Amino acid sequence: MQNDKIILSVATTGSWPAKAQNPALPVTPEEIAQAAVACWREGAAIVHVHVRDDSGTMTCDPARFRRVRELIRTQGCDILINFTTSGGAGRVDETERFNSLETGPELASLDAGSMNFNERVFLNPPAFLEELARRMLAANVKPEIEVFDSGMIGNALTLIERGLIKPPLWWQFVLGVKGGTPATARSLLHLVDGLPAGSLWSVCAVGSHQLPMNMLAIAMGGHARTGLEDNLYYRRGELAGSNAQLVARLARIARECGREPATPAEARQMLGLVERGR
Ligand code: ZN
């Protein structure tokens, strides 16, 4: 095992889920911050944040990202905050996707390649990835390298070899998206085998794949992400009551397997954020 401690992430909101699908989905900055704090109390070390406008539509407005962070910190919560740069997978243009970096998050997502994403095209061309990695490096923002398909590891390795992404490397496998790698044990093994030595990796998966893939990650010595961005249900036919409910279950299972959830301070150590002066 890389480390007995497990870094639990929660993706509270995403770009696409709607309250009409699950009323527990947090969409306002207040709701998102409240969800983050509740998940931190249950063992989450990282919150992955997307923000919405007043109509509930995804936005890259930096003021909204700042507001979420401020509301989290004023509650005395030190959870690691990871702002998205995904732009809703084809919903906004490239330049808007850099907006969240202006706010100086500790972590931000870097979607490491292009793909068909359900019915959309998620464009992350080489020049965009290079610019994104350069901006993150300049702003001292650690990339969470999002991998939806095995070729994306190779794209990220190009950036790593050029010194644009520094170790320790933090990978998030997003499995089961239509157009990406399926959420299977065989796929996960293949992806993990493709990582450079010393990498830290986490798994999330969409819909009903979320829990079994999280459990595989626990067993394999990886880390895990849950939350309503990826899955709106607690179990078949039963909507999740909150993000915190999903985190609490994951933390319980991890503990039963001897994997105590890392605190945000421990996660910062593991991810090299302390050395980076954050
Ligand atoms: Zn996301």
# chains A, B, ... in the order shown; residues from 1 in each chain; ligands from 1
>>> residues_around(residues="range 176-185 of chain A", least_positions_apart="6", cutoff="12 Å", atoms="only C-alpha atoms", output="ChimeraX atom specification")
/A:89,113-122,146-152,191-192,203-217,219-220,230-231
>>> write_last_selection(atoms="C-alpha atoms", output="PDB file, in the first residue's frame")
ATOM      1  CA  ALA A  89     -17.329  19.679 -20.558  1.00  0.00           C
ATOM      2  CA  GLY A 113      -7.458  14.908 -22.811  1.00  0.00           C
ATOM      3  CA  SER A 114     -10.361  15.189 -25.212  1.00  0.00           C
ATOM      4  CA  MET A 115     -13.213  12.732 -25.490  1.00  0.00           C
ATOM      5  CA  ASN A 116     -16.834  12.220 -26.359  1.00  0.00           C
ATOM      6  CA  PHE A 117     -18.620  12.808 -23.048  1.00  0.00           C
ATOM      7  CA  ASN A 118     -22.109  11.341 -23.198  1.00  0.00           C
ATOM      8  CA  GLU A 119     -23.733  13.391 -25.978  1.00  0.00           C
ATOM      9  CA  ARG A 120     -21.119  16.190 -25.887  1.00  0.00           C
ATOM     10  CA  VAL A 121     -17.520  16.633 -26.942  1.00  0.00           C
ATOM     11  CA  PHE A 122     -15.134  17.488 -24.102  1.00  0.00           C
ATOM     12  CA  GLU A 146      -8.365  13.810 -14.235  1.00  0.00           C
ATOM     13  CA  VAL A 147      -8.167  10.690 -16.368  1.00  0.00           C
ATOM     14  CA  PHE A 148     -11.297   9.518 -18.178  1.00  0.00           C
ATOM     15  CA  ASP A 149      -9.489   7.233 -20.591  1.00  0.00           C
ATOM     16  CA  SER A 150      -6.094   5.525 -20.694  1.00  0.00           C
ATOM     17  CA  GLY A 151      -4.632   7.772 -23.422  1.00  0.00           C
ATOM     18  CA  MET A 152      -4.972  10.713 -21.054  1.00  0.00           C
ATOM     19  CA  LEU A 191      -4.837   2.501 -15.543  1.00  0.00           C
ATOM     20  CA  VAL A 192      -2.926   2.115 -12.276  1.00  0.00           C
ATOM     21  CA  VAL A 203     -11.057   6.725  -8.148  1.00  0.00           C
ATOM     22  CA  CYS A 204     -14.491   8.065  -8.802  1.00  0.00           C
ATOM     23  CA  ALA A 205     -17.130   6.513 -11.007  1.00  0.00           C
ATOM     24  CA  VAL A 206     -20.540   7.561 -12.207  1.00  0.00           C
ATOM     25  CA  GLY A 207     -23.913   6.350 -11.039  1.00  0.00           C
ATOM     26  CA  SER A 208     -24.167   2.888  -9.563  1.00  0.00           C
ATOM     27  CA  HIS A 209     -20.458   2.285 -10.259  1.00  0.00           C
ATOM     28  CA  GLN A 210     -19.463   4.806  -7.605  1.00  0.00           C
ATOM     29  CA  LEU A 211     -19.483   2.612  -4.525  1.00  0.00           C
ATOM     30  CA  PRO A 212     -17.970  -0.587  -5.965  1.00  0.00           C
ATOM     31  CA  MET A 213     -15.136   1.357  -7.637  1.00  0.00           C
ATOM     32  CA  ASN A 214     -14.515   3.292  -4.416  1.00  0.00           C
ATOM     33  CA  MET A 215     -14.282  -0.052  -2.598  1.00  0.00           C
ATOM     34  CA  LEU A 216     -11.771  -1.363  -5.125  1.00  0.00           C
ATOM     35  CA  ALA A 217      -9.642   1.738  -4.557  1.00  0.00           C
ATOM     36  CA  ALA A 219      -8.620  -2.442  -1.273  1.00  0.00           C
ATOM     37  CA  MET A 220      -5.870  -1.516  -3.741  1.00  0.00           C
ATOM     38  CA  ASP A 230     -20.907  11.607  -9.843  1.00  0.00           C
ATOM     39  CA  ASN A 231     -23.950   9.853  -8.421  1.00  0.00           C
TER      40      ASN A 231
END
>>> residues_around(residues="range 266-275 of chain A", least_positions_apart="6", cutoff="9 Å", atoms="only C-alpha atoms", output="list in words")
Asn3, Lys5, Ile6, Ile7, Ala45, Ile46, Leu80, Glu106, Lys142, Pro167, Pro168, Leu169, Trp170 and Leu200 of chain A
>>> write_last_selection(atoms="N, CA, C and O atoms", output="short mmCIF file (atom, residue, chain, number, x, y, z; two decimals), in the first residue's frame")
data_model
loop_
_atom_site.label_atom_id
_atom_site.label_comp_id
_atom_site.auth_asym_id
_atom_site.auth_seq_id
_atom_site.Cartn_x
_atom_site.Cartn_y
_atom_site.Cartn_z
N ASN A 3 0.02 4.10 1.31
CA ASN A 3 -0.15 4.76 2.59
C ASN A 3 -1.42 4.18 3.19
O ASN A 3 -2.40 4.02 2.49
N LYS A 5 -3.38 5.62 5.26
CA LYS A 5 -4.41 6.66 5.29
C LYS A 5 -5.03 6.83 3.91
O LYS A 5 -4.33 6.75 2.90
N ILE A 6 -6.30 7.08 3.89
CA ILE A 6 -6.99 7.26 2.60
C ILE A 6 -7.50 8.70 2.49
O ILE A 6 -8.10 9.22 3.43
N ILE A 7 -7.23 9.29 1.35
CA ILE A 7 -7.73 10.64 1.09
C ILE A 7 -9.12 10.52 0.48
O ILE A 7 -9.28 9.98 -0.63
N ALA A 45 -11.29 14.94 3.06
CA ALA A 45 -10.12 15.82 3.15
C ALA A 45 -10.09 16.84 2.02
O ALA A 45 -9.42 17.86 2.11
N ILE A 46 -10.80 16.53 0.92
CA ILE A 46 -10.82 17.41 -0.26
C ILE A 46 -12.26 17.62 -0.70
O ILE A 46 -13.04 16.66 -0.76
N LEU A 80 -9.24 20.73 2.14
CA LEU A 80 -8.53 21.14 0.92
C LEU A 80 -9.57 21.45 -0.15
O LEU A 80 -10.50 20.65 -0.37
N GLU A 106 -5.68 25.72 -3.78
CA GLU A 106 -4.56 24.80 -3.55
C GLU A 106 -4.49 23.75 -4.65
O GLU A 106 -3.43 23.33 -5.07
N LYS A 142 -1.80 23.08 -7.42
CA LYS A 142 -1.48 21.69 -7.75
C LYS A 142 -2.57 21.10 -8.62
O LYS A 142 -3.75 21.15 -8.28
N PRO A 167 5.93 16.34 -9.31
CA PRO A 167 5.53 15.36 -8.31
C PRO A 167 5.47 16.00 -6.91
O PRO A 167 6.09 17.06 -6.74
N PRO A 168 4.78 15.36 -5.96
CA PRO A 168 4.04 14.11 -6.11
C PRO A 168 2.82 14.30 -7.01
O PRO A 168 2.12 15.30 -6.92
N LEU A 169 2.60 13.30 -7.87
CA LEU A 169 1.51 13.38 -8.84
C LEU A 169 0.21 12.88 -8.21
O LEU A 169 0.20 11.87 -7.51
N TRP A 170 -0.85 13.61 -8.48
CA TRP A 170 -2.17 13.30 -7.89
C TRP A 170 -3.16 13.09 -9.02
O TRP A 170 -3.48 14.01 -9.75
N LEU A 200 0.11 9.18 -6.52
CA LEU A 200 -1.05 8.96 -5.67
C LEU A 200 -2.26 9.00 -6.59
O LEU A 200 -2.36 9.89 -7.44
#
>>> residues_near_ligand(ligand="ligand 1", cutoff="12 Å", atoms="only C-alpha atoms and all ligand atoms", output="PyMOL selection string")
chain A and resi 9-17+47-51+58+82-89+108-111+144-148+172-174+204-206+225-231
>>> select_by_dssp(residues="range 71-262 of chain A", states="alpha helix (DSSP H)", output="JSON, numbers by chain")
{"A": [71, 72, 73, 87, 88, 89, 90, 126, 127, 128, 129, 130, 131, 132, 133, 134, 135, 136, 137, 138, 151, 152, 153, 154, 155, 156, 157, 158, 159, 160, 161, 185, 186, 187, 188, 189, 190, 191, 192, 193, 210, 211, 212, 213, 214, 215, 216, 217, 218, 219, 220, 243, 244, 245, 246, 247, 248, 249, 250, 251, 252, 253, 254, 255, 256]}
>>> atom_distance(atom1="CA of Arg236 in chain A", atom2="CA of Pro23 in chain A")
16.9 Å
>>> residues_around(residues="range 99-101 of chain A", least_positions_apart="2", cutoff="12 Å", atoms="only C-alpha atoms", output="PyMOL selection string")
chain A and resi 49-51+59-69+81-87+92-97+103-110+132-143
>>> atom_distance(atom1="CA of Ala24 in chain A", atom2="CA of His223 in chain A")
24.8 Å
>>> atom_distance(atom1="CA of Leu159 in chain A", atom2="CA of Trp201 in chain A")
17.3 Å
>>> select_by_dssp(residues="range 29-190 of chain A", states="strand (DSSP E or B)", output="PyMOL selection string")
chain A and resi 46-49+51-52+58-59+80-83+107-111+115-117+120-122+142-147+170-175
>>> write_last_selection(atoms="C-alpha atoms", output="PDB file, in the first residue's frame")
ATOM      1  CA  ILE A  46     -10.821  17.410  -0.257  1.00  0.00           C
ATOM      2  CA  VAL A  47     -13.876  19.131  -1.689  1.00  0.00           C
ATOM      3  CA  HIS A  48     -14.062  19.417  -5.471  1.00  0.00           C
ATOM      4  CA  VAL A  49     -16.039  22.551  -6.282  1.00  0.00           C
ATOM      5  CA  VAL A  51     -20.240  26.783  -8.942  1.00  0.00           C
ATOM      6  CA  ARG A  52     -23.603  27.749 -10.426  1.00  0.00           C
ATOM      7  CA  MET A  58     -22.795  26.206 -14.221  1.00  0.00           C
ATOM      8  CA  THR A  59     -20.590  29.288 -14.319  1.00  0.00           C
ATOM      9  CA  LEU A  80      -8.533  21.136   0.916  1.00  0.00           C
ATOM     10  CA  ILE A  81     -10.400  22.988  -1.805  1.00  0.00           C
ATOM     11  CA  ASN A  82     -10.163  21.828  -5.403  1.00  0.00           C
ATOM     12  CA  PHE A  83     -11.723  24.163  -7.972  1.00  0.00           C
ATOM     13  CA  LEU A 107      -5.775  22.237  -6.051  1.00  0.00           C
ATOM     14  CA  ALA A 108      -7.561  22.423  -9.387  1.00  0.00           C
ATOM     15  CA  SER A 109      -8.694  19.793 -11.852  1.00  0.00           C
ATOM     16  CA  LEU A 110      -6.781  19.280 -15.099  1.00  0.00           C
ATOM     17  CA  ASP A 111      -8.785  17.133 -17.510  1.00  0.00           C
ATOM     18  CA  MET A 115     -13.213  12.732 -25.490  1.00  0.00           C
ATOM     19  CA  ASN A 116     -16.834  12.220 -26.359  1.00  0.00           C
ATOM     20  CA  PHE A 117     -18.620  12.808 -23.048  1.00  0.00           C
ATOM     21  CA  ARG A 120     -21.119  16.190 -25.887  1.00  0.00           C
ATOM     22  CA  VAL A 121     -17.520  16.633 -26.942  1.00  0.00           C
ATOM     23  CA  PHE A 122     -15.134  17.488 -24.102  1.00  0.00           C
ATOM     24  CA  LYS A 142      -1.476  21.694  -7.751  1.00  0.00           C
ATOM     25  CA  PRO A 143      -3.209  19.869 -10.601  1.00  0.00           C
ATOM     26  CA  GLU A 144      -5.516  16.986  -9.870  1.00  0.00           C
ATOM     27  CA  ILE A 145      -4.966  15.085 -13.105  1.00  0.00           C
ATOM     28  CA  GLU A 146      -8.365  13.810 -14.235  1.00  0.00           C
ATOM     29  CA  VAL A 147      -8.167  10.690 -16.368  1.00  0.00           C
ATOM     30  CA  TRP A 170      -2.166  13.300  -7.887  1.00  0.00           C
ATOM     31  CA  TRP A 171      -4.441  11.448 -10.291  1.00  0.00           C
ATOM     32  CA  GLN A 172      -8.213  11.072 -10.320  1.00  0.00           C
ATOM     33  CA  PHE A 173      -9.640   8.267 -12.449  1.00  0.00           C
ATOM     34  CA  VAL A 174     -13.166   9.116 -13.562  1.00  0.00           C
ATOM     35  CA  LEU A 175     -14.683   5.848 -14.684  1.00  0.00           C
TER      36      LEU A 175
END
>>> closest_residue(among="A:Asp54, A:Glu30, A:Glu238, A:Glu130", to="Gln75 in chain A", atoms="only C-alpha atoms")
A:Glu30
